[in-house]
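**Q** The structure's right below; bear with me while I get my questions together.
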Amino acid sequence: MATRMRWLLKARPADYLLAMTVASASIPVIGKQLEPLGAATAMGVWGYRHMPDFLAATAKSWLTPGIGEIRRQERDRTHAVSAAALRGIVPAKDLEVDWPAPERTPPLWRTIEHRRSIFRTSVRYGSHPSQLLDVWRRKDLPAEPAPVLLFVPGGAWVHGSRMLQGYALMAHLVEMGWVCLSIDYRVAPHHRWPRHITDVKTAIAWARANVDKFGGDRRFVAVAGCSAGGHLAALAGLTADDPEFEAELPEGSDTSVDAVVGIYGRYDWEDRSTVERARFVDFLERVVVGRKISRHPEIFRQASPIARVHRDAPPFLVIHGTGDTVIPVAQARSFVERLREVSRSVVSYVELPGAGHAFDMVDGARTGSMATAIGLFLNQIHRNRTLAGAKEVI
């Protein structure tokens, strides 16, 4: 009762709205149809907190003298920056690939074309209604098992739909002979943390046990994600077989991954050193976690990939844009620095000049290069893993 009274005294209008939408979702019969109201309210809370930074950055970009030429120069450096980040990891001859030409139209305009790579839709990877995935693969996939990428969409932990996100990347990997799995997962405010990461781990365990039915290699599963999905992918890669996040999984489930690709992800849930980071933690407390960091610091620390880095971490590729106003590039830089200090595995970092948040959905000038760079990185990690396995057999 005391806790409820404190909440009533300190709650803001947004908190009351969220509570009302969550309560309405529990109404018999019609409750399920009302769940989207909670997601819309939560997304509104998120947007309200980021609007000042977004408007300030937009105004600055419009008013900066010569901004058009600056943007052109930044876009022209995309290929060089991507190749430089992979040098020393990917053989030089592989980096001589013909990088795709910049496109003027947003990648979203090619949605119908990309969706032709979907082989099977709405496959269940768990018992909850939200635990669905799409299988992306070529119809003429060779008999030899193909490496697998599991893609985690973003959406501020309040939207976890596989629709539209990651299409350009997965279509590119499918052309290269990969099998891709794009997942839905449970989201706040109806499903509080850690349901999100539990679902991602459930999907990984499903892939390890079942992806061979679709031509995938259960021995090589990588994970990638954008924004909140980048956070979940990184956390999954760093917490293999961690019982804290796997209470709902069958005993003996394999949740390890062979590589991680984080694309404009959020890697720190604890830091409140800037106004933007303080607003973000407040959003987590009120919408995603439902707990205060001052009273439950361990929850936020366990959910922070930067705090979970260890020497046996899998290979990482981190991609971020310097023009990201939603998740500042400093997040990626700090995370990469920590990985390079501690991990024994390969760590590659692509910092795209001028690229903003969700560039892979709206920026045709950079998306092709991003997909190419990720393909080169993952192919090399898979090649290294295959060679290492062959040596062990010998």
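Going by the structure tokens order, chains are called A, B, ..., each with residues numbered from 1, while ligands are numbered from 1 in the order shown.
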Tell me, which residues of stretch 140-335 of chain A carry DSSP alpha helix (DSSP H), written as number ranges by chain?
**A** A: 167-175, 195-210, 228-238, 275-283, 297-302, 329-335
**Q** So which residues touch A:Gly237 within 12 Å, counting only C-alpha atoms, skipping near sequence neighbours fewer than 4 positions away, as a VMD selection string?
**A** chain A and resid 150 197 200 to 201 204 221 to 225 230 to 233 241 to 242 254 to 262 305 to 306 308 to 310 312 to 317
**Q** Which one of A:Ile299, A:Leu149, A:Ala209, A:Val362 sits closest to A:His382 if you count only C-alpha atoms?
**A**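 Of the candidates, the smallest distance to A:His382 is held by A:Leu149.
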**Q** Determine, counting only C-alpha atoms, which protein, DNA and RNA residues have an atom within 9 Å of an atom of A:Met163; residues of the same chain fewer than 5 positions away are not included. Present the result as number ranges by chain.
**A** A: 153, 182, 184
**Q** Go through A:Gly356, A:Gly290, A:Gly215, A:Gly368 and flag the residue nearest A:Phe119, using only C-alpha atoms for the distances.
**A**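 The answer is A:Gly215, which sits nearest to A:Phe119.
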**Q** Tell me which of A:Val346, A:Val288, A:Ala236, A:Ala143 sits closest to A:Val158, counting only C-alpha atoms.
**A**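 Closest residue, counting only C-alpha atoms: A:Val288.
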**Q** Could the residues of stretch 97-131 of chain A that have an atom at most 12 Å from stretch 83-93 of chain A be listed as CSV, each with its closest atom pair and the distance in Å to one decimal, counting only C-alpha atoms and ordered by chain and ascending residue number?
**A**
```
residue,atom,partner,partner_atom,distance
A:Val97,CA,A:Lys93,CA,7.7
A:Asp98,CA,A:Lys93,CA,11.3
A:Trp99,CA,A:Ala83,CA,9.5
```
**Q** So that I can see what lies close to A:Ile319, please list as number ranges by chain the residues with an atom at most 9 Å from it, counting only C-alpha atoms and leaving out residues fewer than 3 positions away in the same chain.
**A** A: 261-265, 332, 348-352, 370
**Q** Produce a file of the selected residues containing all heavy atoms, as a CSV table (one decimal), in the first residue's frame.
**A**
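After the write, out-v9.csv holds the following:
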```csv
chain,number,residue,atom,x,y,z
A,261,VAL,N,26.3,-8.2,-34.5
A,261,VAL,CA,26.4,-7.0,-35.2
A,261,VAL,C,25.4,-6.0,-34.6
A,261,VAL,O,24.2,-6.3,-34.5
A,261,VAL,CB,26.0,-7.2,-36.7
A,261,VAL,CG1,26.1,-5.8,-37.4
A,261,VAL,CG2,26.9,-8.2,-37.4
A,262,GLY,N,25.9,-4.9,-34.0
A,262,GLY,CA,25.1,-3.9,-33.4
A,262,GLY,C,25.0,-2.7,-34.2
A,262,GLY,O,26.1,-2.1,-34.6
A,263,ILE,N,23.8,-2.3,-34.7
A,263,ILE,CA,23.6,-1.2,-35.6
A,263,ILE,C,22.9,-0.1,-34.8
A,263,ILE,O,21.8,-0.3,-34.4
A,263,ILE,CB,22.9,-1.6,-36.8
A,263,ILE,CG1,23.5,-2.8,-37.4
A,263,ILE,CG2,22.8,-0.5,-37.8
A,263,ILE,CD1,22.7,-3.5,-38.5
A,264,TYR,N,23.5,1.1,-34.7
A,264,TYR,CA,23.1,2.2,-33.9
A,264,TYR,C,22.3,1.8,-32.6
A,264,TYR,O,21.2,2.2,-32.3
A,264,TYR,CB,22.2,3.2,-34.7
A,264,TYR,CG,21.1,2.7,-35.6
A,264,TYR,CD1,19.8,2.5,-35.1
A,264,TYR,CD2,21.3,2.4,-36.9
A,264,TYR,CE1,18.8,2.0,-35.8
A,264,TYR,CE2,20.3,2.0,-37.7
A,264,TYR,CZ,19.0,1.8,-37.2
A,264,TYR,OH,18.0,1.3,-38.0
A,265,GLY,N,23.0,0.9,-31.8
A,265,GLY,CA,22.4,0.4,-30.6
A,265,GLY,C,22.6,1.2,-29.4
A,265,GLY,O,23.5,2.1,-29.4
A,332,ALA,N,28.4,4.3,-28.8
A,332,ALA,CA,29.1,3.2,-29.6
A,332,ALA,C,30.6,3.3,-29.3
A,332,ALA,O,31.2,2.2,-29.1
A,332,ALA,CB,28.8,3.4,-31.0
A,348,SER,N,35.3,-4.9,-34.6
A,348,SER,CA,35.4,-4.0,-35.7
A,348,SER,C,34.3,-2.9,-35.5
A,348,SER,O,33.2,-3.1,-35.0
A,348,SER,CB,35.1,-4.6,-37.1
A,348,SER,OG,35.3,-3.7,-38.1
A,349,TYR,N,34.7,-1.6,-35.9
A,349,TYR,CA,33.8,-0.5,-35.6
A,349,TYR,C,33.8,0.4,-36.9
A,349,TYR,O,34.8,0.9,-37.4
A,349,TYR,CB,34.3,0.3,-34.5
A,349,TYR,CG,33.5,1.6,-34.2
A,349,TYR,CD1,32.1,1.5,-34.1
A,349,TYR,CD2,34.1,2.8,-34.0
A,349,TYR,CE1,31.4,2.7,-33.9
A,349,TYR,CE2,33.4,4.0,-33.7
A,349,TYR,CZ,32.0,3.9,-33.7
A,349,TYR,OH,31.3,5.0,-33.4
A,350,VAL,N,32.5,0.5,-37.4
A,350,VAL,CA,32.3,1.4,-38.6
A,350,VAL,C,31.5,2.6,-38.1
A,350,VAL,O,30.4,2.5,-37.7
A,350,VAL,CB,31.5,0.7,-39.7
A,350,VAL,CG1,31.2,1.6,-40.8
A,350,VAL,CG2,32.2,-0.6,-40.1
A,351,GLU,N,32.2,3.8,-38.2
A,351,GLU,CA,31.5,5.0,-37.8
A,351,GLU,C,31.3,5.8,-39.1
A,351,GLU,O,32.2,6.3,-39.7
A,351,GLU,CB,32.4,5.8,-36.8
A,351,GLU,CG,31.7,7.1,-36.3
A,351,GLU,CD,32.5,7.7,-35.2
A,351,GLU,OE1,32.6,7.1,-34.1
A,351,GLU,OE2,33.0,8.9,-35.4
A,352,LEU,N,30.0,5.9,-39.4
A,352,LEU,CA,29.6,6.5,-40.7
A,352,LEU,C,29.4,8.0,-40.5
A,352,LEU,O,28.5,8.5,-39.8
A,352,LEU,CB,28.3,5.9,-41.2
A,352,LEU,CG,28.3,4.4,-41.5
A,352,LEU,CD1,26.9,3.8,-41.8
A,352,LEU,CD2,29.3,4.1,-42.6
A,370,MET,N,26.5,-0.5,-45.9
A,370,MET,CA,26.4,-1.1,-44.6
A,370,MET,C,26.2,-2.6,-44.8
A,370,MET,O,26.8,-3.4,-44.1
A,370,MET,CB,25.2,-0.5,-43.8
A,370,MET,CG,25.0,-1.1,-42.5
A,370,MET,SD,23.3,-1.1,-41.9
A,370,MET,CE,22.5,-2.3,-43.0
```
**Q** I'd like to know which of A:Asp271, A:Asp324, A:Glu244, A:Glu337 is closest to A:His357, using only C-alpha atoms.
**A** A:Asp324
**Q** Excluding A:Gln165 and any residue of its chain fewer than 3 positions from it, enumerate the residues within 10 Å of it, using only C-alpha atoms, and give them as number ranges by chain.
**A** A: 108, 111, 151-155, 160-162, 168-170, 182, 225-226, 358, 360-361
**Q** For the residues in that selection, give me all heavy atoms as a compact mmCIF listing (two decimals), in the first residue's frame.
**A**
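Wrote it out as selection_1.txt, contents follow:
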```txt
# COMPACT_ATOMS: atom_id res chain seq x y z
N LEU A 108 13.31 1.77 -48.01
CA LEU A 108 11.93 1.33 -47.80
C LEU A 108 11.15 1.21 -49.10
O LEU A 108 10.18 0.45 -49.18
CB LEU A 108 11.20 2.31 -46.86
CG LEU A 108 11.56 2.21 -45.37
CD1 LEU A 108 10.86 3.32 -44.59
CD2 LEU A 108 11.20 0.85 -44.80
N THR A 111 10.77 -2.35 -50.50
CA THR A 111 10.22 -3.34 -49.58
C THR A 111 9.67 -4.57 -50.29
O THR A 111 9.96 -5.71 -49.91
CB THR A 111 9.12 -2.69 -48.72
OG1 THR A 111 9.70 -1.68 -47.88
CG2 THR A 111 8.44 -3.74 -47.85
N PHE A 151 17.94 -11.70 -36.83
CA PHE A 151 17.83 -10.24 -36.79
C PHE A 151 16.78 -9.81 -35.78
O PHE A 151 15.65 -10.31 -35.78
CB PHE A 151 17.47 -9.68 -38.16
CG PHE A 151 17.38 -8.17 -38.17
CD1 PHE A 151 18.54 -7.41 -38.30
CD2 PHE A 151 16.17 -7.53 -38.04
CE1 PHE A 151 18.47 -6.03 -38.28
CE2 PHE A 151 16.09 -6.15 -38.02
CZ PHE A 151 17.24 -5.39 -38.15
N VAL A 152 17.17 -8.84 -34.91
CA VAL A 152 16.29 -8.32 -33.86
C VAL A 152 15.91 -6.88 -34.21
O VAL A 152 16.77 -6.00 -34.23
CB VAL A 152 16.99 -8.36 -32.49
CG1 VAL A 152 16.00 -7.97 -31.39
CG2 VAL A 152 17.59 -9.73 -32.21
N PRO A 153 14.64 -6.60 -34.47
CA PRO A 153 14.23 -5.23 -34.82
C PRO A 153 14.28 -4.30 -33.62
O PRO A 153 14.28 -4.74 -32.47
CB PRO A 153 12.79 -5.42 -35.32
CG PRO A 153 12.31 -6.64 -34.63
CD PRO A 153 13.50 -7.54 -34.49
N GLY A 154 14.31 -3.00 -33.89
CA GLY A 154 14.29 -2.00 -32.83
C GLY A 154 12.89 -1.47 -32.60
O GLY A 154 11.91 -1.96 -33.15
N GLY A 155 12.81 -0.42 -31.77
CA GLY A 155 11.51 0.19 -31.47
C GLY A 155 11.40 0.63 -30.03
O GLY A 155 10.31 0.59 -29.45
N GLY A 160 8.25 -4.15 -31.18
CA GLY A 160 9.18 -5.21 -31.55
C GLY A 160 8.74 -6.00 -32.76
O GLY A 160 8.79 -7.23 -32.76
N SER A 161 8.32 -5.29 -33.80
CA SER A 161 7.79 -5.96 -34.99
C SER A 161 8.88 -6.20 -36.02
O SER A 161 9.74 -5.34 -36.27
CB SER A 161 6.67 -5.12 -35.61
OG SER A 161 6.27 -5.66 -36.85
N ARG A 162 8.81 -7.35 -36.68
CA ARG A 162 9.79 -7.70 -37.71
C ARG A 162 9.47 -7.03 -39.05
O ARG A 162 10.26 -7.14 -39.99
CB ARG A 162 9.84 -9.21 -37.91
CG ARG A 162 8.52 -9.83 -38.38
CD ARG A 162 8.54 -11.35 -38.21
NE ARG A 162 7.37 -12.01 -38.78
CZ ARG A 162 6.20 -12.12 -38.17
NH1 ARG A 162 6.03 -11.59 -36.97
NH2 ARG A 162 5.18 -12.74 -38.75
N ALA A 168 16.94 -4.68 -46.13
CA ALA A 168 18.06 -4.56 -47.07
C ALA A 168 19.21 -5.48 -46.67
O ALA A 168 19.83 -6.13 -47.53
CB ALA A 168 18.54 -3.11 -47.13
N LEU A 169 19.51 -5.54 -45.38
CA LEU A 169 20.58 -6.40 -44.90
C LEU A 169 20.28 -7.87 -45.15
O LEU A 169 21.11 -8.61 -45.70
CB LEU A 169 20.80 -6.16 -43.40
CG LEU A 169 21.73 -7.16 -42.70
CD1 LEU A 169 23.12 -7.13 -43.31
CD2 LEU A 169 21.77 -6.86 -41.20
N MET A 170 19.08 -8.31 -44.77
CA MET A 170 18.76 -9.73 -44.92
C MET A 170 18.65 -10.14 -46.39
O MET A 170 19.08 -11.24 -46.76
CB MET A 170 17.46 -10.04 -44.17
CG MET A 170 17.62 -9.95 -42.66
SD MET A 170 16.16 -10.52 -41.73
CE MET A 170 15.02 -9.17 -42.07
N SER A 182 14.07 -13.29 -38.90
CA SER A 182 13.66 -11.98 -38.39
C SER A 182 12.53 -12.20 -37.39
O SER A 182 11.50 -12.80 -37.73
CB SER A 182 13.19 -11.09 -39.54
OG SER A 182 12.77 -9.83 -39.05
N GLY A 225 21.07 -6.53 -34.75
CA GLY A 225 19.89 -5.74 -34.42
C GLY A 225 20.15 -4.27 -34.55
O GLY A 225 21.30 -3.82 -34.55
N CYS A 226 19.06 -3.50 -34.71
CA CYS A 226 19.14 -2.05 -34.86
C CYS A 226 18.50 -1.37 -33.65
O CYS A 226 17.44 -1.81 -33.18
CB CYS A 226 18.43 -1.60 -36.13
SG CYS A 226 19.17 -2.20 -37.66
N ALA A 358 18.34 5.14 -37.74
CA ALA A 358 17.51 4.44 -38.73
C ALA A 358 17.93 4.74 -40.16
O ALA A 358 17.12 4.67 -41.08
CB ALA A 358 16.03 4.78 -38.53
N ASP A 360 19.47 2.95 -42.19
CA ASP A 360 19.31 1.79 -43.06
C ASP A 360 17.90 1.65 -43.63
O ASP A 360 17.66 0.83 -44.51
CB ASP A 360 19.68 0.51 -42.32
CG ASP A 360 18.82 0.30 -41.08
OD1 ASP A 360 18.64 1.26 -40.32
OD2 ASP A 360 18.32 -0.82 -40.88
N MET A 361 16.97 2.47 -43.15
CA MET A 361 15.61 2.45 -43.67
C MET A 361 15.32 3.65 -44.58
O MET A 361 14.43 3.58 -45.42
CB MET A 361 14.60 2.41 -42.53
CG MET A 361 14.72 1.18 -41.64
SD MET A 361 13.56 1.19 -40.25
CE MET A 361 12.01 0.96 -41.09
```
**Q** Please compute the atom CA of A:Arg218-atom CA of A:Arg383 distance, one decimal, in Å.
**A**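 Answer for the atom CA of A:Arg218 to atom CA of A:Arg383 separation: 15.2 Å.
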**Q** Which residue gives the smallest distance to A:Ser334 among A:Ile374, A:Leu141, A:Ala307, A:Ala101, with only C-alpha atoms counted?
**A**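 Smallest distance to A:Ser334 is found for A:Ala307.
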